[in-house]
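*Asks:* Below is the file run_21.cif, which contains mmCIF, C-alpha atoms.
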```cif
data_structure
#
loop_
_atom_site.group_PDB
_atom_site.id
_atom_site.type_symbol
_atom_site.label_atom_id
_atom_site.label_comp_id
_atom_site.auth_asym_id
_atom_site.auth_seq_id
_atom_site.Cartn_x
_atom_site.Cartn_y
_atom_site.Cartn_z
ATOM 1 C CA MET A 1 -63.349 -71.555 0.194
ATOM 2 C CA TRP A 2 -63.999 -68.006 1.480
ATOM 3 C CA ALA A 3 -66.287 -67.268 4.408
ATOM 4 C CA MET A 4 -67.905 -64.394 6.245
ATOM 5 C CA PRO A 5 -69.915 -64.903 9.427
ATOM 6 C CA SER A 6 -73.078 -65.786 7.528
ATOM 7 C CA ALA A 7 -72.161 -66.961 4.027
ATOM 8 C CA ILE A 8 -69.536 -68.945 2.170
ATOM 9 C CA VAL A 9 -68.220 -68.491 -1.362
ATOM 10 C CA ARG A 10 -67.505 -71.595 -3.385
ATOM 11 C CA LEU A 11 -67.361 -72.829 -6.952
ATOM 12 C CA ALA A 12 -70.834 -73.437 -8.299
ATOM 13 C CA GLN A 13 -71.951 -76.973 -8.981
ATOM 14 C CA ASP A 14 -74.362 -77.999 -11.731
ATOM 15 C CA HIS A 15 -77.255 -78.089 -9.265
ATOM 16 C CA ASP A 16 -76.610 -74.397 -8.398
ATOM 17 C CA LYS A 17 -77.151 -73.077 -11.910
ATOM 18 C CA GLU A 18 -80.890 -72.468 -11.774
ATOM 19 C CA GLN A 19 -80.652 -70.637 -8.444
ATOM 20 C CA ALA A 20 -77.733 -68.585 -9.775
ATOM 21 C CA ARG A 21 -79.647 -67.802 -12.966
ATOM 22 C CA ALA A 22 -82.636 -66.665 -10.866
ATOM 23 C CA VAL A 23 -80.383 -64.377 -8.795
ATOM 24 C CA LEU A 24 -78.900 -62.915 -11.980
ATOM 25 C CA ALA A 25 -82.350 -62.313 -13.492
ATOM 26 C CA THR A 26 -83.707 -60.707 -10.325
ATOM 27 C CA ALA A 27 -80.640 -58.590 -9.605
ATOM 28 C CA TYR A 28 -80.248 -57.265 -13.151
ATOM 29 C CA SER A 29 -83.972 -56.721 -13.812
ATOM 30 C CA GLU A 30 -83.810 -53.353 -12.055
ATOM 31 C CA TYR A 31 -81.588 -52.060 -14.872
ATOM 32 C CA GLU A 32 -83.909 -52.995 -17.738
ATOM 33 C CA ASN A 33 -85.283 -49.466 -18.094
ATOM 34 C CA SER A 34 -81.743 -48.059 -18.248
ATOM 35 C CA PHE A 35 -81.078 -49.793 -21.561
ATOM 36 C CA PRO A 36 -82.782 -49.458 -24.945
ATOM 37 C CA ALA A 37 -84.751 -52.639 -25.717
ATOM 38 C CA GLU A 38 -82.459 -53.488 -28.635
ATOM 39 C CA ASN A 39 -79.559 -53.628 -26.157
ATOM 40 C CA TRP A 40 -81.418 -55.061 -23.167
ATOM 41 C CA VAL A 41 -82.739 -58.203 -24.861
ATOM 42 C CA PRO A 42 -79.309 -59.522 -25.970
ATOM 43 C CA TYR A 43 -77.721 -58.339 -22.701
ATOM 44 C CA LEU A 44 -80.247 -60.289 -20.627
ATOM 45 C CA ALA A 45 -79.652 -63.376 -22.771
ATOM 46 C CA ASP A 46 -75.907 -62.987 -22.157
ATOM 47 C CA ILE A 47 -76.442 -62.462 -18.409
ATOM 48 C CA LEU A 48 -78.380 -65.728 -18.149
ATOM 49 C CA ASP A 49 -76.030 -67.758 -20.375
ATOM 50 C CA LEU A 50 -74.026 -69.520 -17.663
ATOM 51 C CA GLU A 51 -73.182 -72.365 -20.002
ATOM 52 C CA GLY A 52 -71.803 -69.997 -22.624
ATOM 53 C CA ARG A 53 -69.240 -68.648 -20.142
ATOM 54 C CA ALA A 54 -68.423 -71.987 -18.529
ATOM 55 C CA ALA A 55 -65.458 -72.930 -20.731
ATOM 56 C CA ALA A 56 -63.590 -69.692 -19.974
ATOM 57 C CA SER A 57 -64.758 -68.776 -16.503
ATOM 58 C CA GLU A 58 -65.610 -70.089 -13.087
ATOM 59 C CA LEU A 59 -68.976 -69.354 -11.551
ATOM 60 C CA LEU A 60 -68.588 -68.513 -7.876
ATOM 61 C CA VAL A 61 -71.615 -68.481 -5.595
ATOM 62 C CA ALA A 62 -72.221 -67.050 -2.145
ATOM 63 C CA GLU A 63 -74.370 -69.460 -0.191
ATOM 64 C CA LEU A 64 -76.160 -69.429 3.138
ATOM 65 C CA ASP A 65 -78.286 -72.345 4.355
ATOM 66 C CA ASP A 66 -78.421 -73.937 0.871
ATOM 67 C CA ARG A 67 -79.637 -70.660 -0.657
ATOM 68 C CA ILE A 68 -77.611 -68.836 -3.315
ATOM 69 C CA LEU A 69 -77.366 -65.176 -2.236
ATOM 70 C CA GLY A 70 -75.137 -64.034 -5.075
ATOM 71 C CA CYS A 71 -72.847 -65.088 -7.866
ATOM 72 C CA VAL A 72 -70.094 -63.830 -10.149
ATOM 73 C CA SER A 73 -68.228 -65.106 -13.199
ATOM 74 C CA TYR A 74 -64.473 -65.090 -12.673
ATOM 75 C CA PHE A 75 -62.211 -65.215 -15.749
ATOM 76 C CA PRO A 76 -58.648 -66.299 -14.932
ATOM 77 C CA PRO A 77 -55.658 -64.809 -16.750
ATOM 78 C CA GLY A 78 -55.580 -65.889 -20.377
ATOM 79 C CA ALA A 79 -59.248 -66.839 -20.534
ATOM 80 C CA LYS A 80 -60.236 -63.961 -22.790
ATOM 81 C CA ALA A 81 -58.504 -65.430 -25.855
ATOM 82 C CA GLU A 82 -60.424 -68.675 -25.319
ATOM 83 C CA TYR A 83 -63.807 -66.932 -25.281
ATOM 84 C CA PRO A 84 -63.756 -64.468 -28.184
ATOM 85 C CA THR A 85 -67.534 -63.979 -28.273
ATOM 86 C CA ASP A 86 -67.438 -62.419 -24.802
ATOM 87 C CA SER A 87 -67.241 -58.749 -25.749
ATOM 88 C CA GLN A 88 -67.126 -57.811 -22.090
ATOM 89 C CA SER A 89 -63.831 -59.547 -21.358
ATOM 90 C CA GLU A 90 -62.002 -59.581 -24.681
ATOM 91 C CA HIS A 91 -60.945 -55.981 -24.099
ATOM 92 C CA TRP A 92 -58.535 -56.818 -21.291
ATOM 93 C CA PRO A 93 -54.838 -57.601 -21.623
ATOM 94 C CA PRO A 94 -54.548 -61.412 -21.661
ATOM 95 C CA GLU A 95 -52.530 -61.539 -18.438
ATOM 96 C CA TRP A 96 -55.337 -59.881 -16.452
ATOM 97 C CA SER A 97 -58.141 -61.714 -14.751
ATOM 98 C CA ALA A 98 -61.669 -60.364 -15.093
ATOM 99 C CA ILE A 99 -64.916 -60.273 -13.160
ATOM 100 C CA ARG A 100 -68.278 -60.314 -14.918
ATOM 101 C CA LEU A 101 -71.877 -60.195 -13.884
ATOM 102 C CA LEU A 102 -71.657 -59.848 -10.117
ATOM 103 C CA ALA A 103 -75.197 -60.282 -8.805
ATOM 104 C CA VAL A 104 -76.638 -60.227 -5.298
ATOM 105 C CA ASP A 105 -80.197 -61.192 -4.508
ATOM 106 C CA PRO A 106 -81.995 -57.956 -3.549
ATOM 107 C CA SER A 107 -83.044 -59.514 -0.233
ATOM 108 C CA ALA A 108 -79.362 -59.995 0.698
ATOM 109 C CA ARG A 109 -78.041 -56.586 -0.343
ATOM 110 C CA GLY A 110 -76.154 -54.578 2.222
ATOM 111 C CA GLU A 111 -74.899 -57.744 3.938
ATOM 112 C CA GLY A 112 -71.448 -57.779 2.318
ATOM 113 C CA VAL A 113 -72.216 -60.505 -0.227
ATOM 114 C CA GLY A 114 -70.991 -58.466 -3.206
ATOM 115 C CA ARG A 115 -67.762 -57.621 -1.449
ATOM 116 C CA LEU A 116 -67.297 -61.239 -0.382
ATOM 117 C CA LEU A 117 -67.650 -62.426 -3.983
ATOM 118 C CA THR A 118 -65.331 -59.699 -5.279
ATOM 119 C CA ASP A 119 -62.718 -60.506 -2.619
ATOM 120 C CA ALA A 120 -62.871 -64.173 -3.642
ATOM 121 C CA CYS A 121 -62.144 -63.200 -7.259
ATOM 122 C CA ILE A 122 -59.269 -60.949 -6.186
ATOM 123 C CA ASP A 123 -57.809 -63.774 -4.098
ATOM 124 C CA ARG A 124 -58.012 -66.157 -7.075
ATOM 125 C CA ALA A 125 -56.368 -63.590 -9.356
ATOM 126 C CA ARG A 126 -53.502 -63.115 -6.906
ATOM 127 C CA GLU A 127 -53.030 -66.875 -6.553
ATOM 128 C CA GLU A 128 -52.861 -67.157 -10.339
ATOM 129 C CA GLY A 129 -50.321 -64.345 -10.670
ATOM 130 C CA ALA A 130 -52.537 -61.841 -12.485
ATOM 131 C CA PRO A 131 -51.151 -58.288 -12.373
ATOM 132 C CA ALA A 132 -54.662 -56.808 -12.401
ATOM 133 C CA VAL A 133 -58.367 -57.580 -12.224
ATOM 134 C CA GLY A 134 -60.637 -55.860 -14.716
ATOM 135 C CA LEU A 135 -64.375 -55.371 -14.706
ATOM 136 C CA HIS A 136 -67.005 -53.386 -16.559
ATOM 137 C CA THR A 137 -70.007 -51.567 -15.138
ATOM 138 C CA THR A 138 -72.417 -48.807 -16.108
ATOM 139 C CA GLU A 139 -73.609 -45.576 -14.573
ATOM 140 C CA PRO A 140 -76.954 -47.012 -13.365
ATOM 141 C CA MET A 141 -75.022 -49.599 -11.324
ATOM 142 C CA SER A 142 -73.947 -46.922 -8.840
ATOM 143 C CA VAL A 143 -74.004 -49.134 -5.740
ATOM 144 C CA ALA A 144 -71.641 -51.651 -7.353
ATOM 145 C CA ARG A 145 -69.398 -48.894 -8.725
ATOM 146 C CA SER A 146 -69.142 -47.336 -5.284
ATOM 147 C CA MET A 147 -68.218 -50.696 -3.743
ATOM 148 C CA TYR A 148 -65.546 -51.319 -6.373
ATOM 149 C CA GLU A 149 -64.056 -47.873 -5.799
ATOM 150 C CA ARG A 150 -63.972 -48.432 -2.011
ATOM 151 C CA MET A 151 -62.139 -51.706 -2.687
ATOM 152 C CA GLY A 152 -59.454 -49.866 -4.664
ATOM 153 C CA PHE A 153 -60.634 -50.338 -8.248
ATOM 154 C CA GLU A 154 -59.829 -47.373 -10.462
ATOM 155 C CA ARG A 155 -61.323 -46.219 -13.741
ATOM 156 C CA ALA A 156 -59.526 -47.548 -16.813
ATOM 157 C CA PRO A 157 -61.218 -45.629 -19.661
ATOM 158 C CA ARG A 158 -58.944 -47.197 -22.253
ATOM 159 C CA TYR A 159 -61.040 -50.363 -21.903
ATOM 160 C CA ASP A 160 -64.480 -48.682 -22.036
ATOM 161 C CA PHE A 161 -66.814 -49.675 -24.848
ATOM 162 C CA ARG A 162 -70.230 -48.814 -26.239
ATOM 163 C CA PRO A 163 -72.604 -51.696 -27.068
ATOM 164 C CA GLY A 164 -75.067 -49.091 -28.350
ATOM 165 C CA PRO A 165 -75.010 -45.378 -29.086
ATOM 166 C CA THR A 166 -76.504 -44.369 -25.721
ATOM 167 C CA ILE A 167 -74.662 -46.805 -23.442
ATOM 168 C CA LEU A 168 -71.155 -46.383 -22.078
ATOM 169 C CA VAL A 169 -69.770 -49.467 -20.383
ATOM 170 C CA GLU A 170 -67.068 -48.244 -18.026
ATOM 171 C CA ALA A 171 -63.926 -50.191 -17.294
ATOM 172 C CA TYR A 172 -62.318 -50.469 -13.873
ATOM 173 C CA ARG A 173 -59.161 -52.239 -12.800
ATOM 174 C CA LEU A 174 -57.487 -53.211 -9.596
ATOM 175 C CA LEU A 175 -53.712 -53.511 -9.777
ATOM 176 C CA LEU A 176 -52.466 -56.437 -7.689
#
```
Produce C-alpha cells that represent the structure in this file.
*Replies:*
Amino acid sequence: MWAMPSAIVRLAQDHDKEQARAVLATAYSEYENSFPAENWVPYLADILDLEGRAAASELLVAELDDRILGCVSYFPPGAKAEYPTDSQSEHWPPEWSAIRLLAVDPSARGEGVGRLLTDACIDRAREEGAPAVGLHTTEPMSVARSMYERMGFERAPRYDFRPGPTILVEAYRLLL
C-alpha cells in the first residue's frame, strides 16, 4: 500500500468499480471536444470498460475517507500479449510494464493524486523487474504530460500511434 498524508493507493475491490468508473467518466469528459465523435465514442467505451482490462491489468485507486479520488490501470510486464485487443498497450515491448487511463477527480486535482498513482505503478514495475514503464497520452492532456515529464518520463515516438487521421497518441517511457 502507498500513502501520502491524505490519501492511500490500493488495489481496487469489486465495490470500488462504480466510483472508479465515475471518476474516469468525469475526468476524461473534458477531452470529448478534442476528439472527432467517431473516435470519442469508442474511446469512452474503452475508458469505462474496467472489466475488459481486468484479466491483464490491475486497477489501482487513490482513496480518502472511503471516496475514490483517482484510479489507473497498471499492466505488469508480459500482460500485453494476454490482452491483444488493447491497442494502447500492445505497442510496448513485452518486458515493459504499462500505465493506462490515469484519472483524477477534478475536485482533487493539484493535490498530488496523479503523481501518487503513477509512483505506485512505478514501484510495482520495479518490484516486478520491468526495465521500463510505458504510457500513452495526447496533446490536450497537457497537465498529465507535464507531470510525467517532471517524473522523468521521456518521449518514445517509436511507440506513437494514430487511432484516427487527426489524432496522434504520444508514447512516453520511463527507464527503470
*Asks:* Excluding same-chain residues fewer than 4 positions from Arg115 of chain A, what lies within 9 Å of it counting only C-alpha atoms, as a ChimeraX atom specification?
*Replies:* /A:111,119-120,147-148,151
*Asks:* From the set A:Pro93, A:Arg100, A:Ala37, A:Phe153, which residue has the shortest atom-to-atom contact distance to Glu58 of chain A, counting all atoms listed in the file?
*Replies:*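 Comparing A:Pro93, A:Arg100, A:Ala37, A:Phe153 against Glu58 of chain A, the winner is A:Arg100.
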*Asks:* On this file, the PyMOL selection byres ((chain A and resi 166-171) around 7) gives some set of residues; write that set as a list in words.
*Replies:*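 Applying the PyMOL selection byres ((chain A and resi 166-171) around 7) to the structure shown produces Leu135, His136, Thr137, Thr138, Arg155, Ala156, Pro157, Tyr159, Asp160, Phe161, Arg162, Pro163, Gly164, Pro165, Tyr172 and Arg173 of chain A.
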*Asks:* Determine, counting all atoms listed in the file, which protein, DNA and RNA residues have an atom within 9 Å of an atom of segment 31-34 of chain A; residues of the same chain fewer than 6 positions away are not included. Present the result as a PyMOL selection string.
*Replies:* chain A and resi 40-41+44+140-141+167
*Asks:* What does the structure give for the distance between atom CA of Ser29 of chain A and atom CA of Ser142 of chain A, in Å to one decimal?
*Replies:*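 These two atoms are separated by 14.9 Å.
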*Asks:* Using atom CA of Tyr28 of chain A and atom CA of Arg126 of chain A as the two end points, give the distance in Å to one decimal.
*Replies:*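 Result for atom CA of Tyr28 of chain A versus atom CA of Arg126 of chain A: 28.1 Å, one decimal.
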*Asks:* Taking all atoms listed in the file into account, name the residue in A:Asp16, A:Asp123, A:Glu154, A:Asp105 that is nearest to Leu59 of chain A.
*Replies:*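 Closest to Leu59 of chain A, using all atoms listed in the file: A:Asp16.
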*Asks:* I'd like to see the residues matched by the PyMOL selection byres ((chain A and resi 94-98) around 7) on this file, and ideally I'd get them as a ChimeraX atom specification.
*Replies:* /A:74-78,80,89,92-93,99-100,125,130-135
*Asks:* Which is closest to Ile47 of chain A among A:Leu117, A:Arg150, A:Ile8, A:Ser73, if we use all atoms listed in the file?
*Replies:*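 Nearest candidate to Ile47 of chain A out of A:Leu117, A:Arg150, A:Ile8, A:Ser73: A:Ser73.
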*Asks:* Could you expand the PyMOL selection byres ((chain A and resi 102) around 6) into the explicit residues it covers here, written as a list in words?
*Replies:* Cys71, Val72, Arg100, Leu101 and Ala103 of chain A
*Asks:* Save segment 149-172 of chain A from what I just supplied, as a compact mmCIF listing (two decimals), in the first residue's frame, atoms limited to N, CA, C and O atoms.
*Replies:*
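This went into selection.txt:
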```
# COMPACT_ATOMS: atom_id res chain seq x y z
N GLU A 149 6.59 14.20 -17.51
CA GLU A 149 7.93 14.71 -17.84
C GLU A 149 8.70 15.10 -16.58
O GLU A 149 9.89 14.80 -16.46
N ARG A 150 8.03 15.73 -15.61
CA ARG A 150 8.70 16.08 -14.34
C ARG A 150 9.15 14.83 -13.59
O ARG A 150 10.12 14.85 -12.84
N MET A 151 8.42 13.73 -13.78
CA MET A 151 8.75 12.47 -13.11
C MET A 151 9.84 11.69 -13.83
O MET A 151 10.25 10.64 -13.37
N GLY A 152 10.28 12.19 -14.98
CA GLY A 152 11.37 11.54 -15.70
C GLY A 152 10.97 10.76 -16.93
O GLY A 152 11.82 10.17 -17.60
N PHE A 153 9.69 10.72 -17.26
CA PHE A 153 9.26 10.06 -18.49
C PHE A 153 9.77 10.85 -19.69
O PHE A 153 9.79 12.09 -19.65
N GLU A 154 10.17 10.14 -20.71
CA GLU A 154 10.67 10.76 -21.93
C GLU A 154 9.84 10.29 -23.11
O GLU A 154 9.34 9.16 -23.12
N ARG A 155 9.75 11.14 -24.13
CA ARG A 155 9.04 10.76 -25.35
C ARG A 155 9.68 9.53 -25.97
O ARG A 155 10.90 9.38 -25.98
N ALA A 156 8.85 8.66 -26.49
CA ALA A 156 9.28 7.44 -27.18
C ALA A 156 8.46 7.33 -28.47
O ALA A 156 7.57 6.49 -28.59
N PRO A 157 8.74 8.21 -29.44
CA PRO A 157 7.91 8.30 -30.65
C PRO A 157 7.76 7.00 -31.43
O PRO A 157 6.78 6.83 -32.16
N ARG A 158 8.68 6.10 -31.25
CA ARG A 158 8.59 4.80 -31.93
C ARG A 158 7.28 4.08 -31.61
O ARG A 158 6.78 3.28 -32.40
N TYR A 159 6.72 4.37 -30.44
CA TYR A 159 5.51 3.69 -29.98
C TYR A 159 4.25 4.56 -30.11
O TYR A 159 3.20 4.21 -29.58
N ASP A 160 4.37 5.71 -30.79
CA ASP A 160 3.19 6.54 -31.08
C ASP A 160 2.25 5.77 -32.00
O ASP A 160 2.66 4.86 -32.72
N PHE A 161 0.98 6.16 -31.99
CA PHE A 161 0.04 5.61 -32.96
C PHE A 161 -1.08 6.61 -33.21
O PHE A 161 -1.24 7.58 -32.47
N ARG A 162 -1.81 6.38 -34.28
CA ARG A 162 -2.92 7.24 -34.67
C ARG A 162 -4.21 6.41 -34.75
O ARG A 162 -4.36 5.63 -35.66
N PRO A 163 -5.14 6.62 -33.79
CA PRO A 163 -6.41 5.91 -33.87
C PRO A 163 -7.36 6.54 -34.90
O PRO A 163 -8.40 5.98 -35.21
N GLY A 164 -7.00 7.70 -35.39
CA GLY A 164 -7.77 8.40 -36.41
C GLY A 164 -6.84 9.36 -37.11
O GLY A 164 -5.75 9.66 -36.61
N PRO A 165 -7.24 9.88 -38.25
CA PRO A 165 -6.33 10.72 -39.03
C PRO A 165 -5.92 12.02 -38.35
O PRO A 165 -4.85 12.57 -38.66
N THR A 166 -6.71 12.52 -37.42
CA THR A 166 -6.37 13.80 -36.78
C THR A 166 -5.84 13.65 -35.36
O THR A 166 -5.60 14.65 -34.69
N ILE A 167 -5.65 12.44 -34.89
CA ILE A 167 -5.24 12.22 -33.50
C ILE A 167 -3.90 11.50 -33.46
O ILE A 167 -3.74 10.42 -34.02
N LEU A 168 -2.94 12.11 -32.77
CA LEU A 168 -1.66 11.46 -32.50
C LEU A 168 -1.62 11.09 -31.03
O LEU A 168 -1.75 11.96 -30.16
N VAL A 169 -1.49 9.82 -30.76
CA VAL A 169 -1.34 9.35 -29.38
C VAL A 169 0.16 9.18 -29.15
O VAL A 169 0.81 8.39 -29.82
N GLU A 170 0.67 9.98 -28.23
CA GLU A 170 2.11 10.05 -28.00
C GLU A 170 2.55 9.08 -26.92
O GLU A 170 1.93 8.98 -25.86
N ALA A 171 3.65 8.40 -27.20
CA ALA A 171 4.21 7.44 -26.26
C ALA A 171 5.29 8.10 -25.40
O ALA A 171 6.06 8.93 -25.87
N TYR A 172 5.30 7.69 -24.15
CA TYR A 172 6.34 8.09 -23.19
C TYR A 172 6.84 6.84 -22.50
O TYR A 172 6.10 5.86 -22.37
```
